[in-house]
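Have a look at start07.cif; it's mmCIF, C-alpha atoms:
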```
data_model
#
loop_
_atom_site.label_atom_id
_atom_site.label_comp_id
_atom_site.auth_asym_id
_atom_site.auth_seq_id
_atom_site.Cartn_x
_atom_site.Cartn_y
_atom_site.Cartn_z
CA MET A 224 -72.55 90.48 135.17
CA ILE A 225 -71.70 91.85 138.58
CA THR A 226 -68.08 92.16 139.66
CA HIS A 227 -66.43 90.11 142.38
CA HIS A 228 -66.19 93.32 144.40
CA THR A 229 -69.98 93.62 144.42
CA THR A 230 -70.39 89.93 145.35
CA SER A 231 -67.93 90.15 148.24
CA ALA A 232 -69.54 93.39 149.42
CA ILE A 233 -73.01 91.80 149.41
CA LEU A 234 -71.78 88.69 151.27
CA GLY A 235 -69.84 90.78 153.79
CA ILE A 236 -72.74 93.14 154.46
CA ALA A 237 -75.28 90.28 154.70
CA LEU A 238 -73.15 88.30 157.17
CA ALA A 239 -72.38 91.36 159.29
CA ALA A 240 -76.02 92.46 159.25
CA ALA A 241 -77.24 89.00 160.33
CA ILE A 242 -74.79 88.97 163.24
CA PHE A 243 -75.67 92.53 164.29
CA VAL A 244 -79.39 91.70 164.24
CA LEU A 245 -78.87 88.56 166.34
CA ILE A 246 -76.83 90.51 168.89
CA ARG A 247 -79.39 93.33 168.98
CA ARG A 248 -82.21 90.84 169.55
CA ASP A 249 -80.36 89.37 172.50
CA HIS A 250 -80.01 85.92 170.92
CA LEU A 251 -76.35 85.76 171.87
CA ARG A 252 -74.74 85.95 175.28
CA ILE A 253 -72.46 88.99 175.50
CA ARG A 254 -69.38 86.80 175.96
CA TYR A 255 -70.09 85.07 172.62
CA SER A 256 -71.08 88.36 170.99
CA VAL A 257 -67.51 89.64 171.26
CA TRP A 258 -66.29 86.87 168.93
CA TRP A 259 -69.15 87.28 166.48
CA LEU A 260 -68.84 91.06 166.49
CA ALA A 261 -65.20 90.65 165.47
CA VAL A 262 -66.33 88.26 162.70
CA ALA A 263 -68.97 90.77 161.55
CA VAL A 264 -66.48 93.66 161.42
CA SER A 265 -63.93 91.51 159.55
CA ALA A 266 -66.56 90.30 157.07
CA LEU A 267 -67.74 93.87 156.47
CA ALA A 268 -64.22 95.24 156.02
CA LEU A 269 -63.06 92.43 153.72
CA GLY A 270 -66.37 92.41 151.84
CA LEU A 271 -66.25 96.12 151.10
CA PHE A 272 -62.49 96.34 150.65
CA PRO A 273 -61.21 92.93 149.49
CA GLY A 274 -57.87 94.51 148.61
CA LEU A 275 -57.11 94.78 152.34
CA ILE A 276 -55.96 91.17 152.31
CA ASP A 277 -53.37 91.71 149.58
CA PRO A 278 -50.60 93.23 151.73
CA ALA A 279 -51.06 90.47 154.32
CA GLY A 280 -51.00 87.79 151.60
CA ASN A 281 -47.88 89.23 150.01
CA ALA A 282 -46.16 89.55 153.38
CA LEU A 283 -46.90 85.91 154.21
CA GLY A 284 -45.82 84.68 150.81
CA VAL A 285 -49.29 83.58 149.67
CA ALA A 286 -49.27 83.58 145.86
CA TYR A 287 -52.98 84.31 145.58
CA PRO A 288 -53.88 86.51 148.58
CA PRO A 289 -57.68 85.84 148.59
CA THR A 290 -56.96 82.20 149.61
CA LEU A 291 -55.58 83.66 152.84
CA ILE A 292 -59.13 84.71 153.74
CA ILE A 293 -60.31 81.14 153.32
CA ILE A 294 -57.42 79.73 155.36
CA LEU A 295 -57.91 82.26 158.16
CA GLY A 296 -61.67 81.67 158.09
CA LEU A 297 -61.22 77.92 158.39
CA ALA A 298 -58.71 78.34 161.21
CA ALA A 299 -61.09 80.68 163.02
CA LEU A 300 -63.93 78.18 162.63
CA LEU A 301 -61.82 75.30 163.98
CA ILE A 302 -60.74 77.38 166.98
CA LYS A 303 -64.35 78.35 167.62
CA MET A 304 -65.50 74.72 167.44
CA LEU A 305 -62.78 73.68 169.85
CA VAL A 306 -63.79 76.40 172.30
CA MET A 307 -67.43 75.31 171.93
CA ASP A 308 -66.57 71.68 172.75
CA ILE A 309 -64.59 72.80 175.80
CA GLU A 310 -67.56 74.84 176.94
CA TYR A 311 -69.92 71.94 176.17
CA SER A 312 -67.76 69.58 178.25
CA ARG A 313 -67.81 72.02 181.16
CA GLN A 314 -71.58 72.31 180.96
CA GLU A 315 -71.97 68.52 180.64
CA ARG A 316 -69.96 68.02 183.82
CA ASN A 317 -72.08 70.58 185.66
CA LEU A 318 -75.30 69.07 184.32
CA ARG A 319 -74.33 65.59 185.43
CA ARG A 320 -73.43 66.74 188.92
CA LEU A 321 -76.56 68.83 189.18
CA THR A 322 -78.69 65.84 188.10
CA GLN A 323 -77.03 63.67 190.75
CA ARG A 324 -77.45 66.32 193.41
CA LEU A 325 -81.10 66.82 192.52
CA ALA A 326 -81.77 63.08 192.84
CA ILE A 327 -80.11 63.00 196.28
CA TYR A 328 -82.02 66.10 197.37
CA GLU A 329 -85.37 64.82 196.06
CA ALA A 330 -84.94 61.47 197.80
CA GLY A 331 -84.30 63.31 201.04
CA GLN A 332 -87.31 65.59 200.58
CA GLN A 333 -89.62 62.66 199.81
CA GLY A 334 -88.37 60.76 202.88
CA ASP A 335 -87.57 57.91 200.57
CA GLY A 336 -86.33 55.94 203.49
CA GLY A 337 -85.73 52.34 202.76
CA ASN A 338 -82.85 51.15 204.96
CA GLY A 339 -84.00 53.67 207.56
CA ALA A 340 -81.52 56.04 205.94
CA ARG A 341 -82.06 59.72 206.59
CA PRO A 342 -80.22 62.40 204.68
CA SER A 343 -78.19 64.52 207.06
CA SER A 344 -78.21 68.30 207.09
CA GLU A 345 -74.66 68.49 205.82
CA SER A 346 -73.99 69.07 202.21
CA THR A 347 -71.22 67.72 200.04
CA GLY A 348 -71.06 71.02 198.23
CA LYS A 349 -70.65 71.22 194.48
CA MET B 279 -74.89 73.94 210.49
CA ALA B 280 -74.02 71.31 213.09
CA PRO B 281 -76.02 68.08 212.99
CA ASN B 282 -78.62 67.61 215.73
CA THR B 283 -78.59 64.69 218.16
CA SER B 284 -80.49 62.20 215.99
CA GLU B 285 -78.34 63.11 213.03
CA THR B 286 -75.21 62.67 215.14
CA LEU B 287 -76.41 59.18 216.11
CA SER B 288 -77.17 58.45 212.47
CA ILE B 289 -73.70 59.57 211.43
CA ALA B 290 -72.11 57.52 214.22
CA ALA B 291 -74.05 54.43 213.10
CA LYS B 292 -72.64 54.85 209.62
CA ARG B 293 -69.02 55.21 210.71
CA ASP B 294 -68.59 51.54 209.91
CA GLY B 295 -71.48 51.52 207.49
CA VAL B 296 -71.50 49.87 204.13
CA LEU B 297 -73.68 51.13 201.33
CA ILE B 298 -74.35 48.99 198.30
CA VAL B 299 -74.97 51.10 195.22
CA ILE B 300 -76.90 49.55 192.34
CA PRO B 301 -77.19 51.67 189.18
CA ALA B 302 -80.22 50.44 187.26
CA TYR B 303 -81.71 51.15 183.85
CA ASN B 304 -84.86 49.23 182.92
CA GLU B 305 -84.14 46.37 185.28
CA GLU B 306 -87.58 45.79 186.78
CA GLU B 307 -87.33 42.07 186.08
CA SER B 308 -84.05 41.49 187.86
CA ILE B 309 -83.84 44.19 190.54
CA VAL B 310 -85.92 42.32 193.13
CA LEU B 311 -83.80 39.18 192.77
CA VAL B 312 -80.64 41.26 193.11
CA ILE B 313 -81.91 42.96 196.28
CA GLU B 314 -83.05 39.66 197.82
CA ASP B 315 -79.73 38.04 196.98
CA ILE B 316 -77.81 40.84 198.69
CA ARG B 317 -80.02 40.70 201.77
CA GLN B 318 -79.39 36.99 202.17
CA HIS B 319 -75.70 37.67 202.60
CA SER B 320 -75.37 41.17 204.01
CA SER B 321 -77.16 43.61 206.27
CA ALA B 322 -75.64 46.58 204.44
CA ASP B 323 -77.85 49.46 203.33
CA ILE B 324 -78.82 49.41 199.68
CA VAL B 325 -79.45 52.30 197.34
CA VAL B 326 -80.79 51.78 193.84
CA VAL B 327 -80.01 54.62 191.44
CA ASP B 328 -82.67 54.65 188.76
CA ASP B 329 -81.04 55.97 185.58
CA CYS B 330 -84.21 57.44 184.09
CA SER B 331 -85.77 54.03 183.40
CA SER B 332 -88.89 53.82 181.26
CA ASP B 333 -90.14 50.78 183.17
CA ARG B 334 -91.04 50.34 186.85
CA THR B 335 -87.52 49.80 188.16
CA ALA B 336 -87.73 52.62 190.72
CA ALA B 337 -91.19 51.65 191.97
CA VAL B 338 -90.28 47.98 192.26
CA ALA B 339 -87.07 48.79 194.15
CA ARG B 340 -88.88 51.22 196.46
CA SER B 341 -91.58 48.68 197.23
CA ASN B 342 -88.83 46.33 198.36
CA GLY B 343 -87.75 48.79 201.01
CA VAL B 344 -84.50 50.10 199.59
CA HIS B 345 -83.52 53.71 199.15
CA VAL B 346 -84.00 54.94 195.58
CA LEU B 347 -82.35 57.90 193.86
CA SER B 348 -84.20 58.83 190.67
CA LEU B 349 -82.11 60.68 188.11
CA ALA B 350 -83.97 63.27 186.04
CA LEU B 351 -81.66 62.71 183.05
CA ARG B 352 -80.02 59.53 181.88
CA LEU B 353 -76.36 59.61 182.90
CA GLY B 354 -75.23 56.10 182.00
CA ALA B 355 -74.02 53.39 184.35
CA TRP B 356 -71.11 55.32 185.83
CA GLY B 357 -73.05 58.59 186.18
CA ALA B 358 -75.73 56.70 188.10
CA ALA B 359 -73.17 54.87 190.22
CA GLN B 360 -71.43 58.15 191.03
CA ALA B 361 -74.75 59.57 192.25
CA GLY B 362 -74.86 56.69 194.74
CA VAL B 363 -71.23 57.28 195.71
CA ARG B 364 -71.94 60.96 196.34
CA TYR B 365 -74.96 59.97 198.42
CA ALA B 366 -72.71 57.65 200.45
CA GLN B 367 -70.20 60.44 200.98
CA ARG B 368 -72.92 62.82 202.10
CA GLU B 369 -74.35 60.22 204.45
CA HIS B 370 -70.96 59.38 205.98
CA TYR B 371 -70.80 55.75 204.90
CA GLN B 372 -67.33 54.27 205.22
CA ILE B 373 -67.53 51.75 202.42
CA VAL B 374 -69.32 51.71 199.10
CA VAL B 375 -69.83 48.58 197.04
CA THR B 376 -71.06 48.96 193.48
CA MET B 377 -73.02 46.09 191.96
CA ASP B 378 -74.80 45.65 188.66
CA ALA B 379 -78.60 45.44 188.59
CA ASP B 380 -78.65 42.65 186.01
CA GLY B 381 -77.87 39.88 188.48
CA GLN B 382 -74.32 39.18 187.32
CA HIS B 383 -72.79 39.97 190.70
CA LEU B 384 -73.49 37.58 193.54
CA GLY B 385 -74.44 38.68 197.04
CA GLY B 386 -72.55 35.67 198.34
CA GLU B 387 -69.28 37.28 197.23
CA LEU B 388 -69.86 40.41 199.33
CA PRO B 389 -68.35 39.15 202.61
CA GLY B 390 -65.09 38.19 200.90
CA LEU B 391 -64.87 41.50 199.08
CA LEU B 392 -65.57 43.50 202.24
CA GLN B 393 -63.15 41.50 204.32
CA ARG B 394 -60.27 42.35 201.98
CA LEU B 395 -61.12 46.04 202.38
CA GLN B 396 -61.66 45.90 206.12
CA VAL B 397 -58.33 44.20 206.86
CA GLY B 398 -56.63 46.99 204.96
CA ASP B 399 -55.43 45.12 201.89
CA GLY B 400 -56.21 48.17 199.81
CA ASN B 401 -58.44 51.20 199.36
CA VAL B 402 -60.31 49.51 196.55
CA VAL B 403 -61.13 45.86 195.98
CA ILE B 404 -62.19 44.73 192.52
CA GLY B 405 -64.39 41.66 192.35
CA SER B 406 -62.52 40.02 189.53
CA TYR B 407 -63.84 37.40 187.15
CA PRO B 408 -61.60 37.42 184.08
CA GLU B 409 -63.03 34.13 182.81
CA ARG B 410 -66.09 35.93 181.50
CA GLY B 411 -66.13 37.85 178.30
CA SER B 412 -65.72 37.52 174.59
CA PRO B 413 -62.43 37.44 172.67
CA ALA B 414 -63.05 41.14 171.89
CA ARG B 415 -63.18 42.00 175.58
CA LYS B 416 -60.02 40.03 176.33
CA PHE B 417 -58.22 41.62 173.41
CA ALA B 418 -59.23 45.07 174.67
CA TRP B 419 -58.04 44.27 178.19
CA ARG B 420 -54.65 43.14 176.88
CA ILE B 421 -54.13 46.40 175.00
CA PHE B 422 -55.20 48.55 177.92
CA ARG B 423 -53.04 46.64 180.38
CA ALA B 424 -50.06 47.36 178.13
CA LEU B 425 -50.99 51.04 177.81
CA THR B 426 -51.74 51.74 181.45
CA GLY B 427 -49.26 49.50 183.19
CA PHE B 428 -52.04 47.95 185.25
CA SER B 429 -51.70 44.25 185.92
CA PHE B 430 -55.34 43.68 186.89
CA GLN B 431 -56.94 40.66 185.30
CA ASP B 432 -60.41 42.20 185.15
CA LEU B 433 -60.34 45.87 184.14
CA THR B 434 -64.05 46.36 183.56
CA SER B 435 -65.70 44.68 186.53
CA GLY B 436 -68.33 46.93 188.10
CA PHE B 437 -68.30 44.83 191.27
CA ARG B 438 -66.01 46.94 193.42
CA ALA B 439 -65.66 48.03 197.04
CA TYR B 440 -64.27 51.46 197.90
CA ASP B 441 -63.13 52.91 201.24
CA ARG B 442 -63.46 56.57 202.30
CA GLN B 443 -60.29 57.70 200.56
CA ALA B 444 -61.37 56.07 197.32
CA ILE B 445 -64.93 57.38 197.72
CA ALA B 446 -63.57 60.94 197.93
CA ALA B 447 -61.60 60.41 194.71
CA ILE B 448 -64.41 58.92 192.66
CA ALA B 449 -67.04 61.34 193.94
CA SER B 450 -64.95 64.27 192.67
CA ARG B 451 -65.77 66.57 189.76
CA GLU B 452 -62.85 65.07 187.88
CA ALA B 453 -64.64 61.71 187.79
CA SER B 454 -67.89 63.16 186.48
CA LEU B 455 -66.95 63.17 182.80
CA ILE B 456 -65.76 59.57 182.83
CA GLU B 457 -68.13 57.31 180.89
CA TYR B 458 -67.53 53.90 182.43
CA GLN B 459 -66.52 52.54 185.80
CA ASP B 460 -63.41 50.90 184.44
CA ILE B 461 -59.99 52.10 183.34
CA GLY B 462 -60.72 55.81 183.73
CA ILE B 463 -61.70 55.29 187.34
CA LEU B 464 -58.67 53.09 187.98
CA MET B 465 -56.36 55.77 186.56
CA LEU B 466 -58.05 58.41 188.69
CA LEU B 467 -57.59 56.24 191.77
CA ARG B 468 -53.94 55.71 190.94
CA LYS B 469 -53.49 59.47 190.63
CA ALA B 470 -55.16 59.90 194.04
CA GLY B 471 -52.68 57.45 195.55
CA ALA B 472 -55.26 54.73 196.27
CA LYS B 473 -54.16 51.13 196.47
CA VAL B 474 -56.26 48.82 194.33
CA VAL B 475 -56.35 45.04 194.72
CA GLU B 476 -58.26 42.29 193.00
CA HIS B 477 -60.30 39.62 194.71
CA PRO B 478 -61.38 36.62 192.62
CA VAL B 479 -65.15 36.14 192.56
CA SER B 480 -67.57 34.09 190.55
CA MET B 481 -70.31 35.71 188.51
CA ARG B 482 -73.35 34.38 186.73
CA PRO B 483 -74.86 35.26 183.35
CA ARG B 484 -77.01 38.37 183.28
CA LEU B 485 -80.65 37.87 184.26
CA SER B 486 -81.56 40.63 181.79
CA GLY B 487 -80.02 43.16 179.43
CA ALA B 488 -76.63 43.10 177.74
CA SER B 489 -73.17 44.53 178.36
CA HIS B 490 -73.18 48.30 177.91
CA ILE B 491 -69.61 48.30 176.69
CA PHE B 492 -69.46 45.19 174.53
CA SER B 493 -72.93 45.25 172.97
CA SER B 494 -71.74 45.48 169.33
CA TRP B 495 -68.57 45.80 167.31
CA LEU B 496 -69.28 49.47 166.59
CA VAL B 497 -69.66 50.19 170.28
CA VAL B 498 -66.47 48.24 170.96
CA VAL B 499 -64.56 50.35 168.44
CA LEU B 500 -65.90 53.58 169.97
CA TYR B 501 -65.13 52.32 173.45
CA MET B 502 -61.60 51.37 172.40
CA ALA B 503 -61.02 54.80 170.83
CA GLU B 504 -62.38 56.67 173.85
CA THR B 505 -60.41 54.59 176.32
CA LEU B 506 -57.25 54.91 174.24
CA ILE B 507 -57.57 58.69 174.33
CA LEU B 508 -58.28 58.55 178.06
CA CYS B 509 -55.11 56.50 178.59
CA LEU B 510 -53.06 59.05 176.65
CA ALA B 511 -54.73 62.05 178.33
CA ARG B 512 -54.07 60.71 181.82
CA TRP B 513 -50.61 59.40 181.08
CA HIS B 514 -48.67 60.44 184.16
CA VAL B 515 -45.60 58.90 185.57
CA HIS B 516 -46.94 57.35 188.75
CA ARG B 517 -45.69 54.53 190.82
CA ILE B 518 -48.03 51.64 190.15
CA ARG B 519 -49.30 50.45 193.48
CA ASN B 520 -51.61 47.71 192.35
CA ALA B 521 -50.88 44.27 193.69
#
```
I need this file expressed as structure tokens, please.
Amino acid sequence: MITHHTTSAILGIALAAAIFVLIRRDHLRIRYSVWWLAVAVSALALGLFPGLIDPAGNALGVAYPPTLIIILGLAALLIKMLVMDIEYSRQERNLRRLTQRLAIYEAGQQGDGGNGARPSSESTGK
Amino acid sequence: MAPNTSETLSIAAKRDGVLIVIPAYNEEESIVLVIEDIRQHSSADIVVVDDCSSDRTAAVARSNGVHVLSLALRLGAWGAAQAGVRYAQREHYQIVVTMDADGQHLGGELPGLLQRLQVGDGNVVIGSYPERGSPARKFAWRIFRALTGFSFQDLTSGFRAYDRQAIAAIASREASLIEYQDIGILMLLRKAGAKVVEHPVSMRPRLSGASHIFSSWLVVVLYMAETLILCLARWHVHRIRNA
């Protein structure tokens, strides 16, 4: 039977390796890579040296320090999801306005002129 | 770049111009009747915003001589209406009236709605018909009136007239993530300092389709939850200027 040290080391190395590979292959925008690089380094450190969490657990009064990893991991995931939804909302707003602007522009280009309406040369901007 | 002479004339002609915006999704059966009804009562320009319909809504509208904006992605009723509002802003129209494409809103009510706006009763006139609607809709209105402090009888009517100040507010980026042309828009207008008044109108049953908001109980629950959050998110202390 392998020890829990070996298991945590394998999981930490596998997670870190997967993230490093994805960053190297340019699958992640650099801005997002910063977060995932931090996750990879943390996973590697805690996977190889699970005892690192003990002083933090003791200092924070956690009776069984390894649960602190789970709590911090969950908190990090929730924060990441929140940031993703904020980013998604920003992109959704931009996409909607771009779609509207494209429709207005296309109608002008096609001379889609019922009403005798002609698009002017001025732009409403954003 | 300054507009050339013909553009200047075009802009001048629209200084008092009214644009009727009709967001439409799969309304090929009713759109012609809606356009003809409007033309019987108003000479205003009409723009149909085709919300990525799978039928011939855009072609039918175009063949009836109205301007058509075709959205590449489906944005929902308010997203489509906002496209028309942005078009109106770009084209220097002074007044925008939004009407549904399903035939609920009557062209015969346009003069009354526009008159209220033109005499300066408010920046926005809601064509109000509170008699319509299910018990669920009326229950929802009661809750949202209590939450928002609005006293409007008809919170969800899409039959509305907006002046330039209101057009600027609802064409803004802030309005682009709103899902429906109802309470969210009213709260935005209140924040922008616009005065909103109601004008009683009559409406008729839809010629086609069903209410987007009150189509099923599940949708009602989602709508209620979203609007509740919107009310809380936009909860500012503002002087309520509605009549």
Ranking A:Ser231, A:Arg316, A:Leu271, A:Gly331 by minimum distance to chain B and counting only C-alpha atoms, which one comes first?
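Closest residue, counting only C-alpha atoms: A:Arg316.
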Using all atoms listed in the file, can you tell me which of B:Leu455, B:Leu496, B:Ala447, B:Leu297 comes closest to chain A?
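Selected residue with least distance to chain A: B:Leu455.
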Reference answer for the PyMOL selection byres ((chain B) within 7 of (chain A)), as a PDB file with C-alpha atoms, in the coordinates of the input:
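Saved the output as part02.pdb:
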```
ATOM      1  CA  PRO B 281     -76.020  68.080 212.990  1.00  0.00           C
ATOM      2  CA  GLU B 285     -78.340  63.110 213.030  1.00  0.00           C
ATOM      3  CA  ASP B 323     -77.850  49.460 203.330  1.00  0.00           C
ATOM      4  CA  ILE B 324     -78.820  49.410 199.680  1.00  0.00           C
ATOM      5  CA  GLY B 343     -87.750  48.790 201.010  1.00  0.00           C
ATOM      6  CA  VAL B 344     -84.500  50.100 199.590  1.00  0.00           C
ATOM      7  CA  HIS B 345     -83.520  53.710 199.150  1.00  0.00           C
ATOM      8  CA  VAL B 346     -84.000  54.940 195.580  1.00  0.00           C
ATOM      9  CA  LEU B 347     -82.350  57.900 193.860  1.00  0.00           C
ATOM     10  CA  SER B 348     -84.200  58.830 190.670  1.00  0.00           C
ATOM     11  CA  LEU B 349     -82.110  60.680 188.110  1.00  0.00           C
ATOM     12  CA  ALA B 350     -83.970  63.270 186.040  1.00  0.00           C
ATOM     13  CA  LEU B 351     -81.660  62.710 183.050  1.00  0.00           C
ATOM     14  CA  LEU B 353     -76.360  59.610 182.900  1.00  0.00           C
ATOM     15  CA  ALA B 361     -74.750  59.570 192.250  1.00  0.00           C
ATOM     16  CA  TYR B 365     -74.960  59.970 198.420  1.00  0.00           C
ATOM     17  CA  ARG B 368     -72.920  62.820 202.100  1.00  0.00           C
ATOM     18  CA  GLU B 369     -74.350  60.220 204.450  1.00  0.00           C
ATOM     19  CA  SER B 454     -67.890  63.160 186.480  1.00  0.00           C
ATOM     20  CA  LEU B 455     -66.950  63.170 182.800  1.00  0.00           C
TER      21      LEU B 455
END
```
Asp378 in chain B surroundings by all atoms listed in the file, 9 Å radius, close-in-sequence under 4 positions cut, as a VMD selection string
chain B and resid 299 to 302 312 355 382 to 383 436 to 437
Of the candidates B:Trp495, B:Pro483, B:Thr434, B:Gln443, which one gets nearest to Ser308 in chain B if we count only C-alpha atoms?
B:Pro483
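Using only C-alpha atoms, the contacts of Asp460 in chain B at a cut-off of 10 Å, with sequence neighbours closer than 4 positions omitted, comprise Trp356, Asp432, Leu433, Thr434, Ser435, Gly436, Ile456, Leu464, Met465 and Thr505 of chain B.
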Write out the residues from the selection above, keeping C-alpha atoms, as a PDB file, in the coordinates of the input.
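After the write, selection37.pdb holds the following:
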```
ATOM      1  CA  TRP B 356     -71.110  55.320 185.830  1.00  0.00           C
ATOM      2  CA  ASP B 432     -60.410  42.200 185.150  1.00  0.00           C
ATOM      3  CA  LEU B 433     -60.340  45.870 184.140  1.00  0.00           C
ATOM      4  CA  THR B 434     -64.050  46.360 183.560  1.00  0.00           C
ATOM      5  CA  SER B 435     -65.700  44.680 186.530  1.00  0.00           C
ATOM      6  CA  GLY B 436     -68.330  46.930 188.100  1.00  0.00           C
ATOM      7  CA  ILE B 456     -65.760  59.570 182.830  1.00  0.00           C
ATOM      8  CA  LEU B 464     -58.670  53.090 187.980  1.00  0.00           C
ATOM      9  CA  MET B 465     -56.360  55.770 186.560  1.00  0.00           C
ATOM     10  CA  THR B 505     -60.410  54.590 176.320  1.00  0.00           C
TER      11      THR B 505
END
```
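Selection result for the displayed file, with the PyMOL selection byres ((chain A and resi 243) around 12) as criterion, is Ile236, Ala237, Leu238, Ala239, Ala240, Ala241, Ile242, Val244, Leu245, Ile246, Arg247, Arg248, Asp249, His250, Leu251, Ser256, Val257, Trp258, Trp259, Leu260, Ala261, Val262, Ala263, Val264, Ala266 and Leu267 of chain A.
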Selected residue of minimal separation from Ala503 in chain B among B:Ala439, B:Ile313, B:Ala379, B:Ile421, counting all atoms listed in the file
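Of B:Ala439, B:Ile313, B:Ala379, B:Ile421, the one nearest Ala503 in chain B is B:Ile421, counting all atoms listed in the file.
Across the structure, CA of Ser480 in chain B and CA of Ile373 in chain B are spaced 21.3 Å apart.
With all atoms listed in the file as the basis for measurement, B:Val499 is the residue among B:Val499, B:Gly400, B:Val296, B:Val326 that approaches Arg415 in chain B most closely.
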May I have the residues within 10 Å of Ile316 in chain B as an mmCIF file with C-alpha atoms, keeping the file's coordinate frame, using all atoms listed in the file and disregarding those fewer than 3 positions away in the same chain?
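Contents of out-v1.cif, as written:
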```
data_model
loop_
_atom_site.group_PDB
_atom_site.id
_atom_site.type_symbol
_atom_site.label_atom_id
_atom_site.label_comp_id
_atom_site.auth_asym_id
_atom_site.auth_seq_id
_atom_site.Cartn_x
_atom_site.Cartn_y
_atom_site.Cartn_z
ATOM 1 C CA ILE B 298 -74.350 48.990 198.300
ATOM 2 C CA VAL B 310 -85.920 42.320 193.130
ATOM 3 C CA LEU B 311 -83.800 39.180 192.770
ATOM 4 C CA VAL B 312 -80.640 41.260 193.110
ATOM 5 C CA ILE B 313 -81.910 42.960 196.280
ATOM 6 C CA HIS B 319 -75.700 37.670 202.600
ATOM 7 C CA SER B 320 -75.370 41.170 204.010
ATOM 8 C CA SER B 321 -77.160 43.610 206.270
ATOM 9 C CA ALA B 322 -75.640 46.580 204.440
ATOM 10 C CA ASP B 323 -77.850 49.460 203.330
ATOM 11 C CA ILE B 324 -78.820 49.410 199.680
ATOM 12 C CA MET B 377 -73.020 46.090 191.960
ATOM 13 C CA HIS B 383 -72.790 39.970 190.700
ATOM 14 C CA LEU B 384 -73.490 37.580 193.540
ATOM 15 C CA GLY B 385 -74.440 38.680 197.040
ATOM 16 C CA GLY B 386 -72.550 35.670 198.340
ATOM 17 C CA GLU B 387 -69.280 37.280 197.230
ATOM 18 C CA LEU B 388 -69.860 40.410 199.330
#
```
I would like the residues chosen by the PyMOL selection byres ((chain A and resi 270) around 9) on the shown file; could you give them as a PDB file with C-alpha atoms, in the coordinates of the input?
```
ATOM      1  CA  HIS A 228     -66.190  93.320 144.400  1.00  0.00           C
ATOM      2  CA  THR A 229     -69.980  93.620 144.420  1.00  0.00           C
ATOM      3  CA  THR A 230     -70.390  89.930 145.350  1.00  0.00           C
ATOM      4  CA  SER A 231     -67.930  90.150 148.240  1.00  0.00           C
ATOM      5  CA  ALA A 232     -69.540  93.390 149.420  1.00  0.00           C
ATOM      6  CA  ILE A 233     -73.010  91.800 149.410  1.00  0.00           C
ATOM      7  CA  LEU A 234     -71.780  88.690 151.270  1.00  0.00           C
ATOM      8  CA  GLY A 235     -69.840  90.780 153.790  1.00  0.00           C
ATOM      9  CA  ILE A 236     -72.740  93.140 154.460  1.00  0.00           C
ATOM     10  CA  SER A 265     -63.930  91.510 159.550  1.00  0.00           C
ATOM     11  CA  ALA A 266     -66.560  90.300 157.070  1.00  0.00           C
ATOM     12  CA  LEU A 267     -67.740  93.870 156.470  1.00  0.00           C
ATOM     13  CA  ALA A 268     -64.220  95.240 156.020  1.00  0.00           C
ATOM     14  CA  LEU A 269     -63.060  92.430 153.720  1.00  0.00           C
ATOM     15  CA  LEU A 271     -66.250  96.120 151.100  1.00  0.00           C
ATOM     16  CA  PHE A 272     -62.490  96.340 150.650  1.00  0.00           C
ATOM     17  CA  PRO A 273     -61.210  92.930 149.490  1.00  0.00           C
TER      18      PRO A 273
END
```
So how far away is CA of Ala470 in chain B from CA of Arg442 in chain B, in Å?
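Value for the CA of Arg442 in chain B-CA of Ala470 in chain B distance: 12.2 Å.
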So what do you get for CA of Phe430 in chain B versus CA of Ile461 in chain B, distance-wise?
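Taking CA of Phe430 in chain B as the start and CA of Ile461 in chain B as the end point, the length is 10.3 Å.
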Report, as lines of an AutoDock Vina configuration file, the axis-aligned box around all atoms of range 226-245 of chain A present in the file, extended by 3 Å on each side; give centre and edge lengths in Å to one decimal place.
```
center_x = -72.8
center_y = 91.0
center_z = 153.0
size_x = 19.2
size_y = 11.3
size_z = 32.7
```
Would you mind listing what lies within 7 Å of range 472-479 of chain B as a VMD selection string, with only C-alpha atoms counted and same-chain residues fewer than 3 positions away left out?
chain B and resid 387 391 400 to 407 430 444 467 to 468 519 to 521
Store the residues picked out above in a file with C-alpha atoms, as an mmCIF file, keeping the file's coordinate frame.
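Produced file result.cif, reproduced below:
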```cif
data_model
loop_
_atom_site.group_PDB
_atom_site.id
_atom_site.type_symbol
_atom_site.label_atom_id
_atom_site.label_comp_id
_atom_site.auth_asym_id
_atom_site.auth_seq_id
_atom_site.Cartn_x
_atom_site.Cartn_y
_atom_site.Cartn_z
ATOM 1 C CA GLU B 387 -69.280 37.280 197.230
ATOM 2 C CA LEU B 391 -64.870 41.500 199.080
ATOM 3 C CA GLY B 400 -56.210 48.170 199.810
ATOM 4 C CA ASN B 401 -58.440 51.200 199.360
ATOM 5 C CA VAL B 402 -60.310 49.510 196.550
ATOM 6 C CA VAL B 403 -61.130 45.860 195.980
ATOM 7 C CA ILE B 404 -62.190 44.730 192.520
ATOM 8 C CA GLY B 405 -64.390 41.660 192.350
ATOM 9 C CA SER B 406 -62.520 40.020 189.530
ATOM 10 C CA TYR B 407 -63.840 37.400 187.150
ATOM 11 C CA PHE B 430 -55.340 43.680 186.890
ATOM 12 C CA ALA B 444 -61.370 56.070 197.320
ATOM 13 C CA LEU B 467 -57.590 56.240 191.770
ATOM 14 C CA ARG B 468 -53.940 55.710 190.940
ATOM 15 C CA ARG B 519 -49.300 50.450 193.480
ATOM 16 C CA ASN B 520 -51.610 47.710 192.350
ATOM 17 C CA ALA B 521 -50.880 44.270 193.690
#
```
Protein and nucleic acid residues near (-64.6, 64.4, 194.2) (cut-off 10 Å, only C-alpha atoms) as a PyMOL selection string:
(chain A and resi 347+349) or (chain B and resi 360+363-364+367+444-454)
